[in-house]
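The structure appears below as structure tokens.
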Amino acid sequence: MAAAQQLNAKLYVIPGSHPAMAARRMLELKGIPYRRIDLMPVISRGALRALRFPSNTVPSLAIEGRKLTGSREIARELDVIQPDPPLYPSEPERRVAVEDAERWGEEVLQPAVRRILWNALKRDRAPLASYAEGARLGVPIGLAVKTAAPIVAAANRMNGAYDDAVRRDLASLPGWLKRIDDWIGEGILGSTPPNAADLQIGASLRLAMTLDDVRPVIASRPAGQLAVRAIPDFPGHAPPVLPASWLAPAREAEEAAAAG
Ligand SMILES: N[C@@H](CCC(=O)N[C@@H](CS)C(=O)NCC(=O)O)C(=O)O
């Protein structure tokens, strides 16, 4: 195993990508220096295919002569390459619980937050620039945003960010937040330093919290606090744009919880 500082890692990301942010935090927590390559959404697919990664999504990581794609795959491999600090508990039962939470985070929460974001950006593209803060896309950010309409439309289609789906996602949010709060209560989530499930789920919550529409129903809960601990900084800010009726179930659940 190479010492962390000798590793030559290149992480391919899309600005605003939550699984990519999870991978960034994994590398930072393990003290592995890396070069970040920012790609434009949609166009990223061809670039990653040309670079012969196993799949065409971000995060993709080139490290020690290997090419890895996928936030969960990257977490597992990083724990082998640089075991300290560990992303998974060593005790088998606890490890299974963390892996289950991580899998749910990737399969359920992550795509839902992606759909909500792209649906919001379809209604107002101006916030795109804020998600690209600090990114080097090879073109001025202002120009990238001005010409982004076809990319936003394609990303909406490719991610199934249709109105019906997003309305259902927002209606499911209270139950999901309760599940996350329960996992925190059981000690499956919320470890210091964060485990792989904290980073997977925390990155999705953190991205959701960049939306003014959604932040108020997450921020004050244990889930929201976990997200900020796991991912202290997440660029991006989108003012309210989603229909109020879509947000009503989550707001009512939040009010009921606050009233005790
Ligand atoms: N579930 C995978 C999927 C990652 C994924 O879908 N990433 C999005 C960005 S958040 C992507 O690469 N999209 C390609 C595109 O927008 O063209 C993971 O956790 O790594």
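All residue names refer to the structure tokens as shown: chains lettered A, B, ... in order, residues numbered from 1 in each chain, ligands numbered from 1 in order.
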
Any chance you could tabulate, as a tab-separated table, the residues of chain A at most 8 Å from ligand 1 with each one's nearest atom pair and distance in Å to one decimal, using only C-alpha atoms and all ligand atoms, in chain and rising number order?
```
residue	atom	partner	partner_atom_place_in_ligand_line	distance
A:Val13	CA	ligand 1	12 (O)	7.7
A:Ile14	CA	ligand 1	9 (C)	6.2
A:Gly16	CA	ligand 1	10 (S)	7.3
A:Ser17	CA	ligand 1	10 (S)	4.0
A:His18	CA	ligand 1	10 (S)	5.5
A:Pro19	CA	ligand 1	19 (O)	5.0
A:Ala20	CA	ligand 1	10 (S)	6.7
A:Met40	CA	ligand 1	17 (O)	7.7
A:Pro41	CA	ligand 1	16 (O)	4.1
A:Val42	CA	ligand 1	17 (O)	3.0
A:Ile43	CA	ligand 1	17 (O)	6.2
A:Ser44	CA	ligand 1	17 (O)	5.6
A:Arg45	CA	ligand 1	17 (O)	5.4
A:Asn56	CA	ligand 1	12 (O)	6.6
A:Thr57	CA	ligand 1	12 (O)	3.2
A:Val58	CA	ligand 1	12 (O)	3.9
A:Pro59	CA	ligand 1	20 (O)	5.4
A:Ser60	CA	ligand 1	20 (O)	7.6
A:Thr69	CA	ligand 1	20 (O)	6.4
A:Gly70	CA	ligand 1	20 (O)	3.2
A:Ser71	CA	ligand 1	20 (O)	4.0
A:Arg72	CA	ligand 1	19 (O)	6.2
A:Glu73	CA	ligand 1	20 (O)	7.9
A:Glu106	CA	ligand 1	1 (N)	5.5
A:Glu107	CA	ligand 1	1 (N)	6.8
A:Gln110	CA	ligand 1	1 (N)	7.1
A:Pro111	CA	ligand 1	6 (O)	7.4
A:Arg114	CA	ligand 1	10 (S)	6.5
A:Ala155	CA	ligand 1	16 (O)	5.7
A:Met158	CA	ligand 1	17 (O)	7.7
A:Asn159	CA	ligand 1	16 (O)	7.9
A:Gln200	CA	ligand 1	19 (O)	7.9
```

What would the file look like if the residues just selected were written as a short mmCIF file (atom, residue, chain, number, x, y, z; two decimals), in the first residue's frame with N, CA, C and O atoms?
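Saved to again_36.cif:
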```cif
data_model
loop_
_atom_site.label_atom_id
_atom_site.label_comp_id
_atom_site.auth_asym_id
_atom_site.auth_seq_id
_atom_site.Cartn_x
_atom_site.Cartn_y
_atom_site.Cartn_z
N VAL A 13 -15.61 14.99 -11.39
CA VAL A 13 -16.85 15.42 -10.74
C VAL A 13 -17.67 16.28 -11.71
O VAL A 13 -17.17 16.73 -12.73
N ILE A 14 -18.92 16.49 -11.34
CA ILE A 14 -19.77 17.52 -11.97
C ILE A 14 -20.09 18.50 -10.85
O ILE A 14 -20.44 18.06 -9.75
N GLY A 16 -21.87 20.49 -8.20
CA GLY A 16 -23.19 20.26 -7.61
C GLY A 16 -23.54 18.80 -7.45
O GLY A 16 -24.57 18.47 -6.86
N SER A 17 -22.69 17.89 -7.96
CA SER A 17 -23.01 16.46 -7.83
C SER A 17 -22.81 16.02 -6.38
O SER A 17 -21.72 16.15 -5.82
N HIS A 18 -23.86 15.46 -5.78
CA HIS A 18 -23.79 15.06 -4.38
C HIS A 18 -22.94 13.80 -4.17
O HIS A 18 -22.12 13.78 -3.25
N PRO A 19 -23.08 12.75 -5.02
CA PRO A 19 -22.16 11.62 -4.79
C PRO A 19 -20.71 12.01 -5.03
O PRO A 19 -19.79 11.47 -4.37
N ALA A 20 -20.49 12.96 -5.96
CA ALA A 20 -19.10 13.41 -6.17
C ALA A 20 -18.60 14.15 -4.94
O ALA A 20 -17.43 14.02 -4.55
N MET A 40 -18.83 19.10 -17.38
CA MET A 40 -20.20 19.61 -17.54
C MET A 40 -21.16 18.42 -17.50
O MET A 40 -20.86 17.37 -18.07
N PRO A 41 -22.33 18.60 -16.85
CA PRO A 41 -23.31 17.52 -16.85
C PRO A 41 -23.63 17.11 -18.29
O PRO A 41 -23.51 17.91 -19.20
N VAL A 42 -24.05 15.89 -18.47
CA VAL A 42 -24.44 15.29 -19.75
C VAL A 42 -23.21 15.05 -20.62
O VAL A 42 -22.92 13.90 -20.99
N ILE A 43 -22.41 16.13 -20.88
CA ILE A 43 -21.19 15.99 -21.68
C ILE A 43 -20.21 15.06 -20.96
O ILE A 43 -19.40 14.36 -21.56
N SER A 44 -20.32 15.04 -19.61
CA SER A 44 -19.46 14.18 -18.79
C SER A 44 -19.50 12.73 -19.25
O SER A 44 -18.50 12.01 -19.18
N ARG A 45 -20.66 12.31 -19.73
CA ARG A 45 -20.81 10.88 -20.07
C ARG A 45 -19.84 10.45 -21.15
O ARG A 45 -19.18 9.41 -21.02
N ASN A 56 -20.21 5.69 -16.88
CA ASN A 56 -20.06 7.07 -17.36
C ASN A 56 -20.66 8.12 -16.42
O ASN A 56 -21.12 9.16 -16.86
N THR A 57 -20.67 7.82 -15.13
CA THR A 57 -21.19 8.80 -14.17
C THR A 57 -20.06 9.28 -13.26
O THR A 57 -18.99 8.67 -13.19
N VAL A 58 -20.34 10.40 -12.58
CA VAL A 58 -19.42 10.88 -11.54
C VAL A 58 -20.05 10.52 -10.19
O VAL A 58 -21.28 10.44 -10.10
N PRO A 59 -19.21 10.27 -9.17
CA PRO A 59 -17.77 10.38 -9.18
C PRO A 59 -17.11 9.20 -9.88
O PRO A 59 -17.55 8.06 -9.77
N SER A 60 -16.03 9.53 -10.63
CA SER A 60 -15.13 8.51 -11.15
C SER A 60 -13.74 8.87 -10.65
O SER A 60 -13.39 10.07 -10.60
N THR A 69 -15.63 3.81 -10.74
CA THR A 69 -16.81 4.68 -10.89
C THR A 69 -17.83 4.29 -9.83
O THR A 69 -18.05 3.10 -9.59
N GLY A 70 -18.43 5.30 -9.20
CA GLY A 70 -19.51 5.03 -8.24
C GLY A 70 -19.08 5.36 -6.83
O GLY A 70 -18.00 4.96 -6.38
N SER A 71 -19.95 6.09 -6.12
CA SER A 71 -19.59 6.53 -4.77
C SER A 71 -19.37 5.35 -3.82
O SER A 71 -18.48 5.40 -2.96
N ARG A 72 -20.18 4.30 -3.96
CA ARG A 72 -20.01 3.16 -3.03
C ARG A 72 -18.76 2.35 -3.36
O ARG A 72 -18.03 1.92 -2.48
N GLU A 73 -18.53 2.15 -4.65
CA GLU A 73 -17.33 1.43 -5.10
C GLU A 73 -16.07 2.18 -4.61
O GLU A 73 -15.12 1.59 -4.09
N GLU A 106 -27.91 5.64 -1.53
CA GLU A 106 -27.57 5.74 -2.95
C GLU A 106 -28.77 5.44 -3.84
O GLU A 106 -28.99 6.10 -4.85
N GLU A 107 -29.55 4.42 -3.45
CA GLU A 107 -30.60 3.95 -4.37
C GLU A 107 -31.89 4.76 -4.27
O GLU A 107 -32.64 4.84 -5.23
N GLN A 110 -30.51 9.55 -3.04
CA GLN A 110 -29.66 10.25 -4.01
C GLN A 110 -30.40 10.58 -5.32
O GLN A 110 -30.39 11.73 -5.77
N PRO A 111 -31.08 9.60 -5.98
CA PRO A 111 -31.78 9.95 -7.22
C PRO A 111 -32.95 10.90 -6.99
O PRO A 111 -33.25 11.74 -7.85
N ARG A 114 -31.61 14.35 -6.78
CA ARG A 114 -31.18 14.76 -8.13
C ARG A 114 -32.39 15.20 -8.95
O ARG A 114 -32.35 16.21 -9.65
N ALA A 155 -30.77 16.72 -18.90
CA ALA A 155 -30.58 16.16 -17.55
C ALA A 155 -31.94 15.85 -16.91
O ALA A 155 -32.09 14.85 -16.22
N MET A 158 -33.01 12.59 -18.67
CA MET A 158 -32.18 11.43 -18.33
C MET A 158 -32.40 10.98 -16.89
O MET A 158 -32.23 9.83 -16.55
N ASN A 159 -32.77 11.93 -16.03
CA ASN A 159 -32.94 11.59 -14.61
C ASN A 159 -34.41 11.40 -14.23
O ASN A 159 -34.72 11.19 -13.06
N GLN A 200 -22.66 9.45 2.26
CA GLN A 200 -23.62 9.21 1.18
C GLN A 200 -24.92 9.98 1.45
O GLN A 200 -25.41 10.74 0.61
#
```

Stretch 141-233 of chain A residues near stretch 91-94 of chain A within 12 Å, closest pair each, using only C-alpha atoms, as a Markdown table:
```
| residue | atom | partner | partner_atom | distance |
| --- | --- | --- | --- | --- |
| A:Trp183 | CA | A:Arg94 | CA | 11.7 |
| A:Glu186 | CA | A:Arg94 | CA | 10.6 |
| A:Gly187 | CA | A:Arg94 | CA | 9.3 |
| A:Ile188 | CA | A:Arg94 | CA | 7.2 |
| A:Leu189 | CA | A:Arg94 | CA | 10.4 |
| A:Ser191 | CA | A:Arg94 | CA | 11.8 |
| A:Asn195 | CA | A:Arg94 | CA | 11.1 |
| A:Ala197 | CA | A:Arg94 | CA | 11.6 |
```

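Distance-wise, atom CA of A:Ala135 and atom CA of A:Ala165 end up 29.7 Å apart.
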
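Distances from A:Pro85, A:Gly46, A:Gly65, A:Gly134 to A:Ala9 were compared using only C-alpha atoms, and the smallest one belongs to A:Gly65.
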
Practice task
For A:Thr210, work out the shell of residues within 6 Å, counting only C-alpha atoms and skipping chain neighbours fewer than 3 positions away, then give it as a PyMOL selection string.
Solution key: chain A and resi 207+236-237

Those same residues, written as a compact mmCIF listing (two decimals), in the first residue's frame with N, CA, C and O atoms?
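Result saved to result-v1.txt:
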```txt
# COMPACT_ATOMS: atom_id res chain seq x y z
N LEU A 207 -27.18 18.75 -0.45
CA LEU A 207 -27.59 19.32 -1.74
C LEU A 207 -29.06 19.77 -1.64
O LEU A 207 -29.40 20.86 -2.10
N GLY A 236 -23.73 26.30 -3.79
CA GLY A 236 -25.01 26.30 -4.49
C GLY A 236 -26.12 26.88 -3.64
O GLY A 236 -26.12 26.72 -2.42
N HIS A 237 -27.03 27.58 -4.32
CA HIS A 237 -28.18 28.15 -3.62
C HIS A 237 -29.28 28.42 -4.65
O HIS A 237 -29.04 29.11 -5.64
```
